[in-house]
Amino acid sequence: MARPKILVFQHVPYEPLGTLDPLLKEAGFRIRYVNFGRDPHQRPSPDKYEALIVLGGPMNAHQIDTHPNLSTEVEVIREAVDAGMSVLGICLGAQLLAKALGGRVAQNEEREIGWCDVELTEAGRTDPVISSFASTQMVFQWHEDGISLPAGADNLARSPASHVQAFRYGDHAYGFQFHLEVNASLVERWLTVPANQPMLAAEAGRVDPETIRQQTKERIGALQKLSRQTFSRWIDRFDIAPRRRTLPSR
């Protein structure tokens, strides 16, 4: 019997699946990456996949003039949600999921870079996936845009800078603004990759890379344990049985 397959949208090489990769492989899934950085004109179909994961990237969700794949991704995400697939959007991926469902994405007043607390909402405390979090949970962040919740979605977590840090639509679609998938080497890569230097320079005096490095040494172990708990719960909810077509989400 063929192993079930997962479709992954990747935007840049330094934002991979991270800690999600071994979990998916341990669960017996095959992974197919779609690298939009290499070919922005691809139009993958979600058919024959059990789940869709949309990763982060340095662009914002509205830069379709320079990143035409973003419009394609919104269309494919909507198709996946309407088909009842398990969908996970991380950072930019969460913003694209929100757009696909009719929500809005706009720049926050303050960037969140580094280790920050998020607070579970009442819905988050009882959610089957994210209730692995403490009521106030330290996570790793790297974003400047925020999400206005799509109609029909549940807000699961918030922070002072981002009213929507995590949300769920239906039973199988989740968006996380934060980065549970990072390990220490990924954090270091983000601190040094050239594409991130303008943002770090703009935040000089408020965001200190050396402080982030020290905090990462202290906190990455707990985050990786939380990552395994949370992502395992999401994987356990995959609906691999034949799906019934649902009404369009918009």
# chains A, B, ... in the order shown; residues from 1 in each chain; ligands from 1

call {"tool": "residues_around", "arguments": {"residues": "segment 104-106 of chain A", "least_positions_apart": "5", "cutoff": "7 Å", "atoms": "only C-alpha atoms", "output": "list in words"}}
result
Gln95, Ala98, Lys99, Asp145, Gly146, Ile147 and Ser148 of chain A

call {"tool": "write_last_selection", "arguments": {"atoms": "N, CA and C atoms", "output": "CSV table (one decimal), in the first residue's frame"}}
result
chain,number,residue,atom,x,y,z
A,95,GLN,N,-1.0,33.6,7.0
A,95,GLN,CA,-1.6,34.8,6.4
A,95,GLN,C,-2.3,34.4,5.1
A,98,ALA,N,-5.5,32.7,5.9
A,98,ALA,CA,-6.5,33.7,6.3
A,98,ALA,C,-7.1,34.4,5.0
A,99,LYS,N,-6.2,34.8,4.1
A,99,LYS,CA,-6.7,35.4,2.8
A,99,LYS,C,-7.6,34.5,2.1
A,145,ASP,N,3.5,41.3,9.9
A,145,ASP,CA,2.1,41.4,9.5
A,145,ASP,C,1.2,40.7,10.5
A,146,GLY,N,0.0,41.2,10.5
A,146,GLY,CA,-1.0,40.6,11.4
A,146,GLY,C,-2.3,40.1,10.6
A,147,ILE,N,-3.1,39.3,11.2
A,147,ILE,CA,-4.3,38.7,10.6
A,147,ILE,C,-5.5,39.2,11.3
A,148,SER,N,-6.5,39.6,10.4
A,148,SER,CA,-7.9,39.8,10.9
A,148,SER,C,-8.6,38.5,10.7

call {"tool": "residues_around", "arguments": {"residues": "Tyr33 of chain A", "least_positions_apart": "2", "cutoff": "9 Å", "atoms": "only C-alpha atoms", "output": "list in words"}}
result
Ile6, Leu7, Val8, Phe9, Gln10, Ile31 and Asn35 of chain A

call {"tool": "select_by_dssp", "arguments": {"residues": "segment 27-121 of chain A", "states": "helix (DSSP H, G or I)", "output": "ChimeraX atom specification"}}
result
/A:69-82,92-100

call {"tool": "write_last_selection", "arguments": {"atoms": "N, CA and C atoms", "output": "PDB file, in the first residue's frame"}}
result
ATOM      1  N   ASN A  69       3.144  33.671  -7.446  1.00  0.00           N
ATOM      2  CA  ASN A  69       2.707  32.400  -6.862  1.00  0.00           C
ATOM      3  C   ASN A  69       1.770  32.590  -5.675  1.00  0.00           C
ATOM      4  N   LEU A  70       1.805  33.768  -5.038  1.00  0.00           N
ATOM      5  CA  LEU A  70       0.974  33.979  -3.859  1.00  0.00           C
ATOM      6  C   LEU A  70      -0.514  33.887  -4.204  1.00  0.00           C
ATOM      7  N   SER A  71      -0.900  34.406  -5.367  1.00  0.00           N
ATOM      8  CA  SER A  71      -2.297  34.281  -5.801  1.00  0.00           C
ATOM      9  C   SER A  71      -2.654  32.826  -6.045  1.00  0.00           C
ATOM     10  N   THR A  72      -1.735  32.095  -6.668  1.00  0.00           N
ATOM     11  CA  THR A  72      -1.961  30.666  -6.910  1.00  0.00           C
ATOM     12  C   THR A  72      -2.112  29.919  -5.593  1.00  0.00           C
ATOM     13  N   GLU A  73      -1.266  30.238  -4.643  1.00  0.00           N
ATOM     14  CA  GLU A  73      -1.325  29.551  -3.355  1.00  0.00           C
ATOM     15  C   GLU A  73      -2.664  29.769  -2.656  1.00  0.00           C
ATOM     16  N   VAL A  74      -3.170  30.998  -2.704  1.00  0.00           N
ATOM     17  CA  VAL A  74      -4.470  31.278  -2.082  1.00  0.00           C
ATOM     18  C   VAL A  74      -5.556  30.418  -2.718  1.00  0.00           C
ATOM     19  N   GLU A  75      -5.510  30.264  -4.040  1.00  0.00           N
ATOM     20  CA  GLU A  75      -6.499  29.438  -4.731  1.00  0.00           C
ATOM     21  C   GLU A  75      -6.389  27.971  -4.327  1.00  0.00           C
ATOM     22  N   VAL A  76      -5.159  27.467  -4.280  1.00  0.00           N
ATOM     23  CA  VAL A  76      -4.964  26.055  -3.935  1.00  0.00           C
ATOM     24  C   VAL A  76      -5.342  25.807  -2.475  1.00  0.00           C
ATOM     25  N   ILE A  77      -5.004  26.735  -1.593  1.00  0.00           N
ATOM     26  CA  ILE A  77      -5.383  26.593  -0.184  1.00  0.00           C
ATOM     27  C   ILE A  77      -6.896  26.512  -0.061  1.00  0.00           C
ATOM     28  N   ARG A  78      -7.607  27.362  -0.781  1.00  0.00           N
ATOM     29  CA  ARG A  78      -9.071  27.340  -0.721  1.00  0.00           C
ATOM     30  C   ARG A  78      -9.611  26.002  -1.207  1.00  0.00           C
ATOM     31  N   GLU A  79      -9.020  25.477  -2.272  1.00  0.00           N
ATOM     32  CA  GLU A  79      -9.435  24.164  -2.778  1.00  0.00           C
ATOM     33  C   GLU A  79      -9.216  23.083  -1.714  1.00  0.00           C
ATOM     34  N   ALA A  80      -8.070  23.147  -1.045  1.00  0.00           N
ATOM     35  CA  ALA A  80      -7.751  22.139  -0.031  1.00  0.00           C
ATOM     36  C   ALA A  80      -8.723  22.204   1.138  1.00  0.00           C
ATOM     37  N   VAL A  81      -9.030  23.419   1.592  1.00  0.00           N
ATOM     38  CA  VAL A  81      -9.977  23.569   2.696  1.00  0.00           C
ATOM     39  C   VAL A  81     -11.353  23.062   2.288  1.00  0.00           C
ATOM     40  N   ASP A  82     -11.797  23.424   1.082  1.00  0.00           N
ATOM     41  CA  ASP A  82     -13.110  22.993   0.616  1.00  0.00           C
ATOM     42  C   ASP A  82     -13.206  21.483   0.463  1.00  0.00           C
ATOM     43  N   LEU A  92       3.822  33.350   7.124  1.00  0.00           N
ATOM     44  CA  LEU A  92       3.240  33.727   5.831  1.00  0.00           C
ATOM     45  C   LEU A  92       2.155  32.737   5.421  1.00  0.00           C
ATOM     46  N   GLY A  93       2.372  31.458   5.686  1.00  0.00           N
ATOM     47  CA  GLY A  93       1.363  30.455   5.351  1.00  0.00           C
ATOM     48  C   GLY A  93       0.055  30.684   6.078  1.00  0.00           C
ATOM     49  N   ALA A  94       0.116  31.112   7.344  1.00  0.00           N
ATOM     50  CA  ALA A  94      -1.097  31.427   8.100  1.00  0.00           C
ATOM     51  C   ALA A  94      -1.802  32.636   7.490  1.00  0.00           C
ATOM     52  N   GLN A  95      -1.027  33.606   7.037  1.00  0.00           N
ATOM     53  CA  GLN A  95      -1.616  34.790   6.414  1.00  0.00           C
ATOM     54  C   GLN A  95      -2.290  34.443   5.088  1.00  0.00           C
ATOM     55  N   LEU A  96      -1.672  33.557   4.317  1.00  0.00           N
ATOM     56  CA  LEU A  96      -2.283  33.130   3.055  1.00  0.00           C
ATOM     57  C   LEU A  96      -3.546  32.305   3.312  1.00  0.00           C
ATOM     58  N   LEU A  97      -3.526  31.473   4.365  1.00  0.00           N
ATOM     59  CA  LEU A  97      -4.724  30.727   4.741  1.00  0.00           C
ATOM     60  C   LEU A  97      -5.841  31.695   5.117  1.00  0.00           C
ATOM     61  N   ALA A  98      -5.512  32.719   5.889  1.00  0.00           N
ATOM     62  CA  ALA A  98      -6.523  33.706   6.270  1.00  0.00           C
ATOM     63  C   ALA A  98      -7.099  34.396   5.029  1.00  0.00           C
ATOM     64  N   LYS A  99      -6.243  34.783   4.081  1.00  0.00           N
ATOM     65  CA  LYS A  99      -6.730  35.410   2.845  1.00  0.00           C
ATOM     66  C   LYS A  99      -7.636  34.467   2.071  1.00  0.00           C
ATOM     67  N   ALA A 100      -7.258  33.200   2.002  1.00  0.00           N
ATOM     68  CA  ALA A 100      -8.058  32.225   1.262  1.00  0.00           C
ATOM     69  C   ALA A 100      -9.451  32.080   1.861  1.00  0.00           C
TER      70      ALA A 100
END

call {"tool": "select_by_dssp", "arguments": {"residues": "segment 55-216 of chain A", "states": "strand (DSSP E)", "output": "number ranges by chain"}}
result
A: 86-90, 104-120, 136-148, 153-158, 166-169, 173-176

call {"tool": "closest_residue", "arguments": {"among": "A:Gly84, A:Gly89, A:Gly124, A:Pro194", "to": "Leu180 of chain A", "atoms": "only C-alpha atoms"}}
result
A:Gly89

call {"tool": "residues_around", "arguments": {"residues": "Phe238 of chain A", "least_positions_apart": "5", "cutoff": "10 Å", "atoms": "only C-alpha atoms", "output": "ChimeraX atom specification"}}
result
/A:50-51,84-87,171-172,233

call {"tool": "write_last_selection", "arguments": {"atoms": "C-alpha atoms", "output": "mmCIF file, in the first residue's frame"}}
result
data_model
loop_
_atom_site.group_PDB
_atom_site.id
_atom_site.type_symbol
_atom_site.label_atom_id
_atom_site.label_comp_id
_atom_site.auth_asym_id
_atom_site.auth_seq_id
_atom_site.Cartn_x
_atom_site.Cartn_y
_atom_site.Cartn_z
ATOM 1 C CA GLU A 50 -3.683 14.077 2.662
ATOM 2 C CA ALA A 51 -2.506 17.457 3.894
ATOM 3 C CA GLY A 84 -11.717 18.814 3.829
ATOM 4 C CA MET A 85 -7.944 18.376 3.745
ATOM 5 C CA SER A 86 -5.775 18.984 6.781
ATOM 6 C CA VAL A 87 -4.099 22.360 6.224
ATOM 7 C CA ASP A 171 -11.870 20.794 12.062
ATOM 8 C CA HIS A 172 -8.695 20.514 9.978
ATOM 9 C CA ARG A 233 -1.744 16.235 17.735
#

call {"tool": "residues_around", "arguments": {"residues": "Val118 of chain A", "least_positions_apart": "2", "cutoff": "6 Å", "atoms": "only C-alpha atoms", "output": "list in words"}}
result
Thr136, Gln137, Arg158 and Ser159 of chain A

call {"tool": "write_last_selection", "arguments": {"atoms": "N, CA and C atoms", "output": "mmCIF file, in the first residue's frame"}}
result
data_model
loop_
_atom_site.group_PDB
_atom_site.id
_atom_site.type_symbol
_atom_site.label_atom_id
_atom_site.label_comp_id
_atom_site.auth_asym_id
_atom_site.auth_seq_id
_atom_site.Cartn_x
_atom_site.Cartn_y
_atom_site.Cartn_z
ATOM 1 N N THR A 136 -0.197 30.907 29.137
ATOM 2 C CA THR A 136 0.730 31.879 28.549
ATOM 3 C C THR A 136 1.976 31.108 28.148
ATOM 4 N N GLN A 137 2.287 31.137 26.852
ATOM 5 C CA GLN A 137 3.322 30.255 26.311
ATOM 6 C C GLN A 137 4.391 31.054 25.563
ATOM 7 N N ARG A 158 -3.403 34.806 21.168
ATOM 8 C CA ARG A 158 -3.177 36.215 20.847
ATOM 9 C C ARG A 158 -1.929 36.699 21.571
ATOM 10 N N SER A 159 -1.466 37.887 21.158
ATOM 11 C CA SER A 159 -0.391 38.581 21.869
ATOM 12 C C SER A 159 -0.702 40.069 21.804
#

call {"tool": "atom_distance", "arguments": {"atom1": "atom CA of Arg228 of chain A", "atom2": "atom CA of Gln177 of chain A"}}
result
17.2 Å

call {"tool": "residues_around", "arguments": {"residues": "Ile130 of chain A", "least_positions_apart": "3", "cutoff": "10 Å", "atoms": "only C-alpha atoms", "output": "PDB file with C-alpha atoms, in the first residue's frame"}}
result
ATOM      1  CA  LEU A 120      -4.415  31.123  24.731  1.00  0.00           C
ATOM      2  CA  ALA A 123     -11.197  28.433  22.399  1.00  0.00           C
ATOM      3  CA  GLY A 124      -7.467  27.704  22.432  1.00  0.00           C
ATOM      4  CA  ARG A 125      -7.590  26.165  25.914  1.00  0.00           C
ATOM      5  CA  THR A 126     -10.016  23.495  24.672  1.00  0.00           C
ATOM      6  CA  ASP A 127      -8.665  23.075  21.131  1.00  0.00           C
ATOM      7  CA  PHE A 133       0.275  25.109  25.237  1.00  0.00           C
ATOM      8  CA  ALA A 134       0.352  26.662  28.677  1.00  0.00           C
ATOM      9  CA  LEU A 156      -6.928  30.296  19.513  1.00  0.00           C
ATOM     10  CA  ALA A 157      -4.109  32.550  20.725  1.00  0.00           C
ATOM     11  CA  ALA A 166      -3.269  31.101  15.979  1.00  0.00           C
ATOM     12  CA  PHE A 167      -6.632  30.208  14.494  1.00  0.00           C
ATOM     13  CA  ARG A 168      -8.649  27.196  13.388  1.00  0.00           C
ATOM     14  CA  TYR A 174      -4.892  25.734  11.343  1.00  0.00           C
ATOM     15  CA  PHE A 176       0.102  29.708  13.340  1.00  0.00           C
ATOM     16  CA  LEU A 226       6.082  21.634  22.676  1.00  0.00           C
ATOM     17  CA  GLN A 229       3.373  17.570  21.221  1.00  0.00           C
ATOM     18  CA  THR A 230       1.477  20.111  19.133  1.00  0.00           C
ATOM     19  CA  PHE A 231       2.391  18.894  15.659  1.00  0.00           C
ATOM     20  CA  ARG A 233      -1.744  16.235  17.735  1.00  0.00           C
ATOM     21  CA  TRP A 234      -2.283  17.924  14.365  1.00  0.00           C
TER      22      TRP A 234
END

call {"tool": "residues_around", "arguments": {"residues": "Lys225 of chain A", "least_positions_apart": "5", "cutoff": "12 Å", "atoms": "only C-alpha atoms", "output": "ChimeraX atom specification"}}
result
/A:19-20,132-133,139,180-183,219-220,230-232

call {"tool": "write_last_selection", "arguments": {"atoms": "N, CA and C atoms", "output": "mmCIF file, in the first residue's frame"}}
result
data_model
loop_
_atom_site.group_PDB
_atom_site.id
_atom_site.type_symbol
_atom_site.label_atom_id
_atom_site.label_comp_id
_atom_site.auth_asym_id
_atom_site.auth_seq_id
_atom_site.Cartn_x
_atom_site.Cartn_y
_atom_site.Cartn_z
ATOM 1 N N THR A 19 11.383 20.983 12.519
ATOM 2 C CA THR A 19 11.052 19.854 13.381
ATOM 3 C C THR A 19 9.836 19.073 12.897
ATOM 4 N N LEU A 20 9.073 19.630 11.974
ATOM 5 C CA LEU A 20 7.934 18.901 11.404
ATOM 6 C C LEU A 20 8.388 17.758 10.510
ATOM 7 N N SER A 132 -2.077 21.926 23.960
ATOM 8 C CA SER A 132 -0.785 21.487 24.493
ATOM 9 C C SER A 132 0.000 22.661 25.083
ATOM 10 N N PHE A 133 -0.391 23.910 24.727
ATOM 11 C CA PHE A 133 0.275 25.109 25.237
ATOM 12 C C PHE A 133 -0.136 25.372 26.683
ATOM 13 N N VAL A 139 7.035 31.374 22.740
ATOM 14 C CA VAL A 139 7.287 30.785 21.425
ATOM 15 C C VAL A 139 8.263 31.675 20.659
ATOM 16 N N LEU A 180 6.809 27.190 15.586
ATOM 17 C CA LEU A 180 7.078 26.019 16.415
ATOM 18 C C LEU A 180 8.118 25.104 15.778
ATOM 19 N N GLU A 181 8.344 25.259 14.479
ATOM 20 C CA GLU A 181 9.182 24.317 13.740
ATOM 21 C C GLU A 181 10.675 24.607 13.852
ATOM 22 N N VAL A 182 11.062 25.689 14.524
ATOM 23 C CA VAL A 182 12.484 26.052 14.533
ATOM 24 C C VAL A 182 13.289 25.187 15.490
ATOM 25 N N ASN A 183 14.573 25.041 15.168
ATOM 26 C CA ASN A 183 15.573 24.519 16.093
ATOM 27 C C ASN A 183 16.670 25.575 16.216
ATOM 28 N N ARG A 219 15.882 28.237 25.886
ATOM 29 C CA ARG A 219 14.469 27.953 25.647
ATOM 30 C C ARG A 219 14.177 26.964 24.529
ATOM 31 N N ILE A 220 15.161 26.661 23.692
ATOM 32 C CA ILE A 220 14.868 25.852 22.508
ATOM 33 C C ILE A 220 14.448 24.436 22.881
ATOM 34 N N THR A 230 2.501 19.399 19.894
ATOM 35 C CA THR A 230 1.477 20.111 19.133
ATOM 36 C C THR A 230 1.346 19.567 17.717
ATOM 37 N N PHE A 231 2.454 19.408 17.025
ATOM 38 C CA PHE A 231 2.391 18.894 15.659
ATOM 39 C C PHE A 231 1.903 17.444 15.628
ATOM 40 N N SER A 232 2.265 16.651 16.629
ATOM 41 C CA SER A 232 1.773 15.268 16.678
ATOM 42 C C SER A 232 0.254 15.239 16.809
#

call {"tool": "residues_around", "arguments": {"residues": "Ala27 of chain A", "least_positions_apart": "2", "cutoff": "10 Å", "atoms": "only C-alpha atoms", "output": "PyMOL selection string"}}
result
chain A and resi 3-4+22-25+29-30+232+235-236

call {"tool": "write_last_selection", "arguments": {"atoms": "N, CA and C atoms", "output": "short mmCIF file (atom, residue, chain, number, x, y, z; two decimals), in the first residue's frame"}}
result
data_model
loop_
_atom_site.label_atom_id
_atom_site.label_comp_id
_atom_site.auth_asym_id
_atom_site.auth_seq_id
_atom_site.Cartn_x
_atom_site.Cartn_y
_atom_site.Cartn_z
N ARG A 3 2.30 4.87 0.66
CA ARG A 3 2.24 5.75 1.82
C ARG A 3 1.49 7.03 1.46
N PRO A 4 0.70 7.60 2.38
CA PRO A 4 0.01 8.86 2.09
C PRO A 4 1.01 9.99 1.89
N PRO A 22 10.87 15.34 10.59
CA PRO A 22 10.98 13.98 11.13
C PRO A 22 9.66 13.44 11.66
N LEU A 23 8.80 14.30 12.18
CA LEU A 23 7.50 13.83 12.69
C LEU A 23 6.66 13.26 11.56
N LEU A 24 6.64 13.93 10.43
CA LEU A 24 5.86 13.45 9.29
C LEU A 24 6.42 12.14 8.76
N LYS A 25 7.73 12.04 8.71
CA LYS A 25 8.35 10.81 8.22
C LYS A 25 8.14 9.65 9.19
N PHE A 29 4.53 9.37 6.25
CA PHE A 29 4.10 10.18 5.11
C PHE A 29 5.26 10.45 4.15
N ARG A 30 4.93 10.51 2.90
CA ARG A 30 5.84 11.03 1.88
C ARG A 30 5.60 12.53 1.72
N SER A 232 2.26 16.65 16.63
CA SER A 232 1.77 15.27 16.68
C SER A 232 0.25 15.24 16.81
N ILE A 235 -1.14 16.04 13.36
CA ILE A 235 -1.01 14.88 12.48
C ILE A 235 -2.04 13.80 12.84
N ASP A 236 -2.27 13.59 14.12
CA ASP A 236 -3.22 12.57 14.56
C ASP A 236 -4.64 12.86 14.10
#

call {"tool": "closest_residue", "arguments": {"among": "A:Val164, A:Cys91, A:Val34, A:Ala201", "to": "Asn60 of chain A", "atoms": "only C-alpha atoms"}}
result
A:Cys91
